[in-house]
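The data block below is model_37.cif; it holds mmCIF, C-alpha atoms.
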```
data_model
loop_
_atom_site.label_atom_id
_atom_site.label_comp_id
_atom_site.auth_asym_id
_atom_site.auth_seq_id
_atom_site.Cartn_x
_atom_site.Cartn_y
_atom_site.Cartn_z
CA MET A 1 -227.10 149.50 210.53
CA PRO A 2 -226.01 152.29 208.10
CA GLU A 3 -226.35 151.72 204.38
CA PRO A 4 -223.11 150.49 202.73
CA LEU A 5 -221.15 153.23 201.02
CA PRO A 6 -221.18 153.21 197.20
CA ALA A 7 -218.23 151.69 195.39
CA SER A 8 -215.96 154.37 193.94
CA VAL A 9 -213.44 154.82 191.14
CA MET A 10 -209.79 154.16 191.95
CA SER A 11 -207.48 155.69 189.34
CA VAL A 12 -203.73 155.92 188.80
CA ASP A 13 -201.98 158.52 186.62
CA VAL A 14 -199.08 156.54 185.18
CA GLU A 15 -196.12 158.89 184.80
CA ASP A 16 -192.63 158.95 186.29
CA TYR A 17 -191.16 161.36 188.82
CA PHE A 18 -189.22 163.42 186.24
CA GLN A 19 -192.36 164.09 184.16
CA VAL A 20 -194.50 165.81 186.77
CA GLY A 21 -195.86 169.32 186.41
CA ALA A 22 -193.90 170.46 189.47
CA PHE A 23 -190.64 169.95 187.55
CA GLU A 24 -191.75 171.01 184.06
CA HIS A 25 -189.56 174.13 184.19
CA THR A 26 -186.61 172.20 185.64
CA ILE A 27 -186.44 169.07 183.45
CA ALA A 28 -187.06 169.43 179.71
CA PRO A 29 -188.83 166.52 177.97
CA ALA A 30 -185.76 166.10 175.76
CA ASP A 31 -183.84 165.21 178.94
CA TRP A 32 -186.30 162.59 180.23
CA PRO A 33 -184.24 159.67 178.84
CA LYS A 34 -181.30 160.78 181.00
CA TRP A 35 -183.24 160.03 184.20
CA PRO A 36 -183.57 156.46 185.53
CA CYS A 37 -187.14 155.20 185.11
CA ARG A 38 -188.73 153.75 188.23
CA VAL A 39 -192.27 153.32 186.95
CA GLU A 40 -192.06 149.55 186.32
CA ALA A 41 -191.14 148.68 189.91
CA ASN A 42 -193.70 151.12 191.29
CA ILE A 43 -196.50 149.70 189.13
CA GLU A 44 -195.56 146.19 190.30
CA ARG A 45 -196.01 147.34 193.91
CA ILE A 46 -199.33 149.01 193.12
CA LEU A 47 -200.67 145.96 191.31
CA ALA A 48 -199.66 143.78 194.28
CA LEU A 49 -201.36 146.18 196.69
CA PHE A 50 -204.56 146.15 194.62
CA GLU A 51 -204.46 142.35 194.38
CA ARG A 52 -204.21 142.01 198.17
CA HIS A 53 -207.23 144.25 198.67
CA ARG A 54 -209.23 143.02 195.64
CA VAL A 55 -209.23 146.47 194.08
CA LYS A 56 -209.75 147.09 190.37
CA ALA A 57 -208.73 150.47 188.99
CA THR A 58 -208.34 152.65 185.92
CA PHE A 59 -204.76 153.45 184.90
CA PHE A 60 -204.47 156.71 182.91
CA THR A 61 -201.16 155.97 181.19
CA LEU A 62 -198.73 158.12 179.23
CA GLY A 63 -197.97 156.94 175.71
CA TRP A 64 -194.32 157.89 176.30
CA ILE A 65 -194.18 155.43 179.22
CA ALA A 66 -196.03 152.71 177.30
CA GLU A 67 -193.61 152.83 174.35
CA ARG A 68 -190.58 152.40 176.59
CA HIS A 69 -192.12 150.02 179.11
CA PRO A 70 -194.71 147.92 177.26
CA GLY A 71 -194.68 145.35 180.05
CA VAL A 72 -196.33 147.95 182.29
CA VAL A 73 -199.46 148.29 180.16
CA ARG A 74 -199.67 144.55 179.55
CA ALA A 75 -199.42 143.84 183.28
CA ILE A 76 -202.17 146.37 184.01
CA VAL A 77 -204.54 144.74 181.50
CA ALA A 78 -203.59 141.18 182.51
CA ALA A 79 -204.55 142.00 186.11
CA GLY A 80 -208.06 143.02 185.03
CA HIS A 81 -207.68 146.79 185.30
CA GLU A 82 -208.85 149.39 182.80
CA LEU A 83 -206.22 150.97 180.55
CA ALA A 84 -206.92 154.63 179.74
CA SER A 85 -204.92 157.52 178.29
CA HIS A 86 -202.98 160.31 179.99
CA GLY A 87 -201.87 161.68 176.62
CA TYR A 88 -198.52 160.99 175.03
CA GLY A 89 -195.96 163.52 176.25
CA HIS A 90 -197.51 164.92 179.47
CA GLN A 91 -198.02 168.35 177.95
CA ARG A 92 -200.81 170.39 179.49
CA ALA A 93 -203.80 170.55 177.18
CA ASN A 94 -204.12 174.29 177.72
CA VAL A 95 -200.71 175.04 176.17
CA LEU A 96 -201.38 173.06 172.98
CA SER A 97 -203.17 174.15 169.84
CA ARG A 98 -206.10 172.08 168.64
CA THR A 99 -203.89 170.43 166.03
CA GLU A 100 -201.15 169.66 168.57
CA PHE A 101 -203.64 168.29 171.09
CA HIS A 102 -205.25 166.08 168.44
CA ALA A 103 -201.85 164.66 167.49
CA ASP A 104 -200.92 164.01 171.13
CA VAL A 105 -204.10 162.17 172.15
CA ALA A 106 -204.38 160.23 168.89
CA ARG A 107 -200.77 159.09 169.19
CA ALA A 108 -201.22 158.01 172.82
CA LYS A 109 -204.43 156.11 172.08
CA GLY A 110 -202.81 154.30 169.17
CA VAL A 111 -199.72 153.33 171.18
CA LEU A 112 -201.75 152.03 174.13
CA GLU A 113 -204.20 150.05 172.01
CA ASP A 114 -201.49 148.51 169.84
CA LEU A 115 -199.46 147.37 172.84
CA ALA A 116 -202.30 146.14 175.04
CA GLY A 117 -204.77 144.85 172.45
CA VAL A 118 -207.73 146.56 174.15
CA ALA A 119 -209.85 149.60 173.34
CA VAL A 120 -208.88 152.79 175.17
CA VAL A 121 -211.97 154.94 175.78
CA GLY A 122 -210.95 157.11 178.75
CA TYR A 123 -208.62 160.11 179.00
CA ARG A 124 -207.29 162.37 181.75
CA ALA A 125 -205.47 165.58 180.85
CA PRO A 126 -202.09 166.15 182.51
CA SER A 127 -202.60 168.45 185.51
CA PHE A 128 -206.38 168.51 184.86
CA SER A 129 -205.63 171.08 182.16
CA ILE A 130 -209.01 171.26 180.44
CA GLY A 131 -211.11 174.19 181.61
CA ARG A 132 -213.24 177.12 180.53
CA ASP A 133 -210.64 178.40 178.04
CA ASN A 134 -210.08 175.16 176.11
CA LEU A 135 -213.34 173.21 176.18
CA TRP A 136 -212.71 172.56 172.48
CA ALA A 137 -210.40 169.79 173.72
CA LEU A 138 -213.47 167.72 174.57
CA ASP A 139 -214.51 167.74 170.91
CA VAL A 140 -211.04 166.48 169.98
CA LEU A 141 -211.35 163.63 172.48
CA ALA A 142 -214.67 162.59 170.97
CA GLU A 143 -213.23 162.88 167.44
CA THR A 144 -210.37 160.53 168.38
CA GLY A 145 -212.68 157.84 169.77
CA HIS A 146 -212.67 158.56 173.48
CA ARG A 147 -215.95 158.08 175.34
CA TYR A 148 -215.12 159.77 178.63
CA SER A 149 -212.74 162.25 180.21
CA SER A 150 -211.66 162.96 183.78
CA SER A 151 -209.96 166.26 183.10
CA ILE A 152 -212.02 169.13 184.57
CA TYR A 153 -211.41 169.59 188.30
CA PRO A 154 -214.15 171.78 189.85
CA ILE A 155 -211.84 173.59 192.30
CA ALA A 156 -209.79 176.79 192.46
CA HIS A 157 -206.06 175.99 192.16
CA ASP A 158 -203.01 177.96 191.11
CA HIS A 159 -202.35 175.67 188.13
CA TYR A 160 -205.76 174.36 187.09
CA GLY A 161 -209.43 174.15 187.98
CA MET A 162 -212.89 175.26 186.92
CA PRO A 163 -214.83 175.79 190.17
CA GLU A 164 -218.13 176.44 188.39
CA ALA A 165 -218.08 173.06 186.60
CA PRO A 166 -220.47 170.29 187.75
CA ARG A 167 -219.20 168.15 190.60
CA HIS A 168 -220.65 164.84 189.40
CA PRO A 169 -220.34 162.95 186.09
CA TYR A 170 -222.05 164.88 183.29
CA ARG A 171 -222.18 165.37 179.54
CA PRO A 172 -220.72 168.83 178.84
CA SER A 173 -222.86 171.12 176.70
CA ALA A 174 -219.70 171.83 174.70
CA CYS A 175 -219.48 168.13 173.76
CA PRO A 176 -222.47 165.99 174.80
CA GLN A 177 -220.97 162.90 173.10
CA LEU A 178 -218.41 162.72 175.92
CA LEU A 179 -218.97 161.87 179.60
CA GLU A 180 -216.89 163.97 182.00
CA MET A 181 -216.01 162.31 185.33
CA PRO A 182 -214.66 165.03 187.65
CA PRO A 183 -212.39 164.29 190.60
CA THR A 184 -214.30 164.32 193.87
CA THR A 185 -214.96 167.48 195.85
CA VAL A 186 -216.87 168.21 199.04
CA ARG A 187 -218.95 171.35 199.47
CA TRP A 188 -217.87 173.37 202.52
CA ARG A 189 -218.97 176.94 203.29
CA GLY A 190 -219.72 177.71 199.67
CA ARG A 191 -216.50 176.24 198.29
CA ASN A 192 -215.47 172.96 196.69
CA LEU A 193 -212.82 171.20 198.76
CA PRO A 194 -210.59 168.68 196.93
CA ALA A 195 -211.29 165.16 198.18
CA ALA A 196 -209.95 163.08 195.29
CA GLY A 197 -206.43 162.22 196.41
CA GLY A 198 -203.25 163.36 194.70
CA GLY A 199 -201.01 165.64 196.72
CA TYR A 200 -203.84 166.51 199.10
CA PHE A 201 -204.08 162.87 200.20
CA ARG A 202 -200.32 162.68 200.70
CA LEU A 203 -200.13 165.94 202.68
CA LEU A 204 -203.24 165.57 204.87
CA PRO A 205 -203.54 163.13 207.78
CA TYR A 206 -205.32 159.97 206.67
CA ALA A 207 -208.21 160.66 209.06
CA ALA A 208 -208.94 163.95 207.26
CA SER A 209 -208.98 162.36 203.81
CA ARG A 210 -211.16 159.51 205.05
CA TRP A 211 -213.59 161.96 206.64
CA LEU A 212 -213.93 163.87 203.36
CA LEU A 213 -214.63 160.72 201.37
CA VAL A 214 -217.13 159.36 203.90
CA ARG A 215 -218.91 162.71 203.99
CA PHE A 216 -219.16 162.78 200.20
CA LEU A 217 -220.35 159.19 199.89
CA ARG A 218 -222.93 159.42 202.67
CA GLU A 219 -224.34 162.85 201.88
CA GLU A 220 -224.35 162.61 198.09
CA GLY A 221 -224.80 158.87 197.64
CA ARG A 222 -222.63 158.78 194.51
CA PRO A 223 -219.31 157.12 193.65
CA ALA A 224 -216.18 159.14 194.36
CA MET A 225 -213.25 159.53 191.93
CA PHE A 226 -209.83 159.07 193.58
CA TYR A 227 -206.38 159.33 191.97
CA PHE A 228 -202.68 159.06 192.75
CA HIS A 229 -199.34 158.57 190.92
CA PRO A 230 -196.84 155.68 191.00
CA TRP A 231 -193.97 157.96 192.05
CA GLU A 232 -195.89 158.87 195.21
CA ILE A 233 -195.14 155.46 196.77
CA ASP A 234 -191.41 155.77 196.00
CA PRO A 235 -189.46 157.67 198.68
CA ALA A 236 -186.15 156.41 197.23
CA GLN A 237 -186.61 158.19 193.89
CA PRO A 238 -183.74 160.47 192.80
CA ARG A 239 -183.98 164.08 193.97
CA VAL A 240 -184.24 166.74 191.29
CA PRO A 241 -181.70 169.52 191.86
CA GLY A 242 -182.56 173.12 191.12
CA ALA A 243 -186.33 172.80 191.50
CA PRO A 244 -188.13 175.65 193.31
CA MET A 245 -188.84 175.14 197.01
CA LYS A 246 -192.62 175.11 196.42
CA SER A 247 -192.24 172.35 193.83
CA ARG A 248 -190.02 170.28 196.11
CA LEU A 249 -192.50 170.57 198.95
CA ARG A 250 -195.41 169.53 196.75
CA HIS A 251 -193.52 166.57 195.37
CA TYR A 252 -191.52 165.06 198.23
CA VAL A 253 -193.49 165.58 201.46
CA ASN A 254 -194.77 162.33 203.01
CA LEU A 255 -193.67 159.99 200.24
CA GLN A 256 -192.55 157.56 202.93
CA HIS A 257 -196.11 157.30 204.32
CA MET A 258 -198.05 157.08 201.07
CA GLU A 259 -198.10 153.32 200.49
CA ALA A 260 -199.37 152.59 204.00
CA LYS A 261 -202.08 155.25 203.62
CA LEU A 262 -203.15 153.73 200.31
CA ALA A 263 -203.40 150.32 201.94
CA ARG A 264 -205.76 151.75 204.56
CA LEU A 265 -207.78 153.47 201.86
CA CYS A 266 -208.12 150.23 199.89
CA ALA A 267 -209.28 148.41 203.01
CA ASP A 268 -211.73 151.09 204.18
CA PHE A 269 -213.67 151.62 200.92
CA ARG A 270 -214.86 149.66 197.89
CA TRP A 271 -213.16 150.44 194.58
CA ASP A 272 -213.55 149.59 190.90
CA ARG A 273 -212.73 150.76 187.36
CA ALA A 274 -214.20 153.96 185.92
CA ASP A 275 -215.77 152.17 182.96
CA ARG A 276 -217.63 149.75 185.27
CA ILE A 277 -218.65 152.23 187.97
CA HIS A 278 -220.18 154.55 185.35
CA ALA A 279 -221.23 151.93 182.79
CA THR A 280 -224.87 153.03 182.85
CA LEU A 281 -223.94 156.68 182.20
CA LEU A 282 -221.52 155.71 179.45
CA ASP A 283 -224.23 153.71 177.69
CA SER A 284 -226.98 156.30 178.08
#
```
Could you render the structure as structure tokens?
Amino acid sequence: MPEPLPASVMSVDVEDYFQVGAFEHTIAPADWPKWPCRVEANIERILALFERHRVKATFFTLGWIAERHPGVVRAIVAAGHELASHGYGHQRANVLSRTEFHADVARAKGVLEDLAGVAVVGYRAPSFSIGRDNLWALDVLAETGHRYSSSIYPIAHDHYGMPEAPRHPYRPSACPQLLEMPPTTVRWRGRNLPAAGGGYFRLLPYAASRWLLVRFLREEGRPAMFYFHPWEIDPAQPRVPGAPMKSRLRHYVNLQHMEAKLARLCADFRWDRADRIHATLLDS
């Protein structure tokens, strides 16, 4: 009988379809209020899915969403999930100055804590936008009371990534007060393959994503870090006109299959919140 696989971190990046990086050059933040929000209904479906499969998760939530839909953050906390920060306005950390980044993360943390009545200790940068050129952002997170980050993706990607970064939770030398929890990768022929969800999970056959996770869990014996977005289970979301073909492909392909794939994922593996999975590392 094989050893049971370790429980892993399930995480959700709470943002709406018009706020994604794929459309950042098509929809200006000033125009976000013109688009119908669908995040409340999508979070309700996700919470119901997690309840059916007894999954607890960490929800990295935008302050902008929380201010306009406070019921979302309260429902997340009431269901026993961890509330964490995704920043306020979904601006990439690597396009902000230190002062701007400090203002963004402090504002988001304050909004989330005031609405939910719980401490917010975790943060994930939009588009995993902390890397070798802005490691100072980790200091800012520590200064603003965060205890961990999940913002440095150790892969090569056209928009983000730091392939040389550690692949497992670690305390960065640039800011040892903070624990960094990288999204999961699998080593293959000298490269790090993304195995943490997101668009890769939506685009790949479920069997391929499952194989990657099982390989990681069995060979490395550590918890994985998985993530997805509420808009990914919403094939009826409005289409954004004028977006580049590459952006449309990244955003819309296989939306209709995502919820069923997530249900299989929830059933096939054990999942919990980031703060509980890595409690020992956070306290060390």
Nearest candidate to Lys56 of chain A (options A:Met10, A:Leu203, A:Ala41, A:Ala22; using all atoms listed in the file): A:Met10
Proximity to Thr61 of chain A - best of A:Val120, A:Val14, A:Leu217, A:Ala137, only C-alpha atoms: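 Result for the nearest residue to Thr61 of chain A: A:Val14.
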Of the listed residues A:Ala78, A:Leu204, A:Met225, A:Leu281, that which approaches Pro6 of chain A most closely, counting all atoms listed in the file: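 With all atoms listed in the file as the atom set, the closest residue is A:Met225.
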I'd like the neighbourhood of Lys109 of chain A as a PyMOL selection string, where a residue qualifies if any of its atoms comes within 9 Å (using all atoms listed in the file), though same-chain residues fewer than 5 positions away should be ignored. chain A and resi 63+84-85+87-88+104+114+119-121+144-146
In Å, how far is it from atom CA of Tyr148 of chain A to atom CA of Arg222 of chain A? 17.6 Å
Report as a count of residues only the full result of the PyMOL selection byres ((chain A and resi 228) around 6) when it is applied to this structure. 4
Could you give me, as an MDAnalysis selection string, the residues within 12 Å of segment 258-265 of chain A, counting all atoms listed in the file and dropping anything in the same chain fewer than 2 positions from it? chainID A and resid 8 10:12 42 45:55 196:211 213:214 226:235 251:256 267:271
How would you write, as a PDB file with C-alpha atoms, in the frame of the given file, the residues chosen by the PyMOL selection byres ((chain A and resi 93) around 7) on this structure?
```
ATOM      1  CA  GLN A  91    -198.020 168.350 177.950  1.00  0.00           C
ATOM      2  CA  ARG A  92    -200.810 170.390 179.490  1.00  0.00           C
ATOM      3  CA  ASN A  94    -204.120 174.290 177.720  1.00  0.00           C
ATOM      4  CA  VAL A  95    -200.710 175.040 176.170  1.00  0.00           C
ATOM      5  CA  LEU A  96    -201.380 173.060 172.980  1.00  0.00           C
ATOM      6  CA  PHE A 101    -203.640 168.290 171.090  1.00  0.00           C
ATOM      7  CA  ALA A 125    -205.470 165.580 180.850  1.00  0.00           C
ATOM      8  CA  SER A 129    -205.630 171.080 182.160  1.00  0.00           C
ATOM      9  CA  ILE A 130    -209.010 171.260 180.440  1.00  0.00           C
TER      10      ILE A 130
END
```
Can you tell me, as JSON, numbers by chain, what residues are no more than 12 Å from Ser173 of chain A when counting all atoms listed in the file, ignoring any on the same chain fewer than 3 positions away? {"A": [132, 135, 136, 138, 139, 165, 166, 170, 176, 177, 178, 179, 180]}
Can you work out the spacing between atom CA of Ala108 of chain A and atom CA of Gly89 of chain A in Å, to one decimal?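 Atom-to-atom, atom CA of Ala108 of chain A and atom CA of Gly89 of chain A are spaced 8.4 Å apart.
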Closest of A:Arg38, A:Ala174, A:Ala7, A:Ile76 to Gly117 of chain A - atom-to-atom distances counting all atoms listed in the file: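 Looking at the shortest contact to Gly117 of chain A, the residue is A:Ile76.
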So, counting all atoms listed in the file, which residue among A:Val140, A:Asp133, A:Thr184, A:Arg74 is closest to Pro154 of chain A?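 Nearest candidate to Pro154 of chain A out of A:Val140, A:Asp133, A:Thr184, A:Arg74: A:Thr184.
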Take atom CA of Gly110 of chain A and atom CA of Glu15 of chain A and report the distance between them in Å, one decimal. 17.6 Å
Nearby residues (all atoms listed in the file) at most 9 Å from Asp275 of chain A, same-chain spacing under 5 positions excluded, as a VMD selection string: chain A and resid 9 58 82 121 to 122 148 282
Quick one: of A:Arg273, A:Arg191, A:His25, A:His69, who's nearest to Val111 of chain A, counting all atoms listed in the file?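 Among the listed residues, the smallest separation from Val111 of chain A belongs to A:His69.
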Report as a list of chain:residue names the full result of the PyMOL selection byres ((chain A and resi 242) around 12) when it is applied to this structure. A:Ala22, A:Phe23, A:Glu24, A:His25, A:Thr26, A:Ile27, A:Arg239, A:Val240, A:Pro241, A:Ala243, A:Pro244, A:Met245, A:Lys246, A:Ser247, A:Arg248
Shell of 6 Å around Arg124 of chain A, only C-alpha atoms, local chain residues under 3 positions omitted, as number ranges by chain: A: 86, 149-151
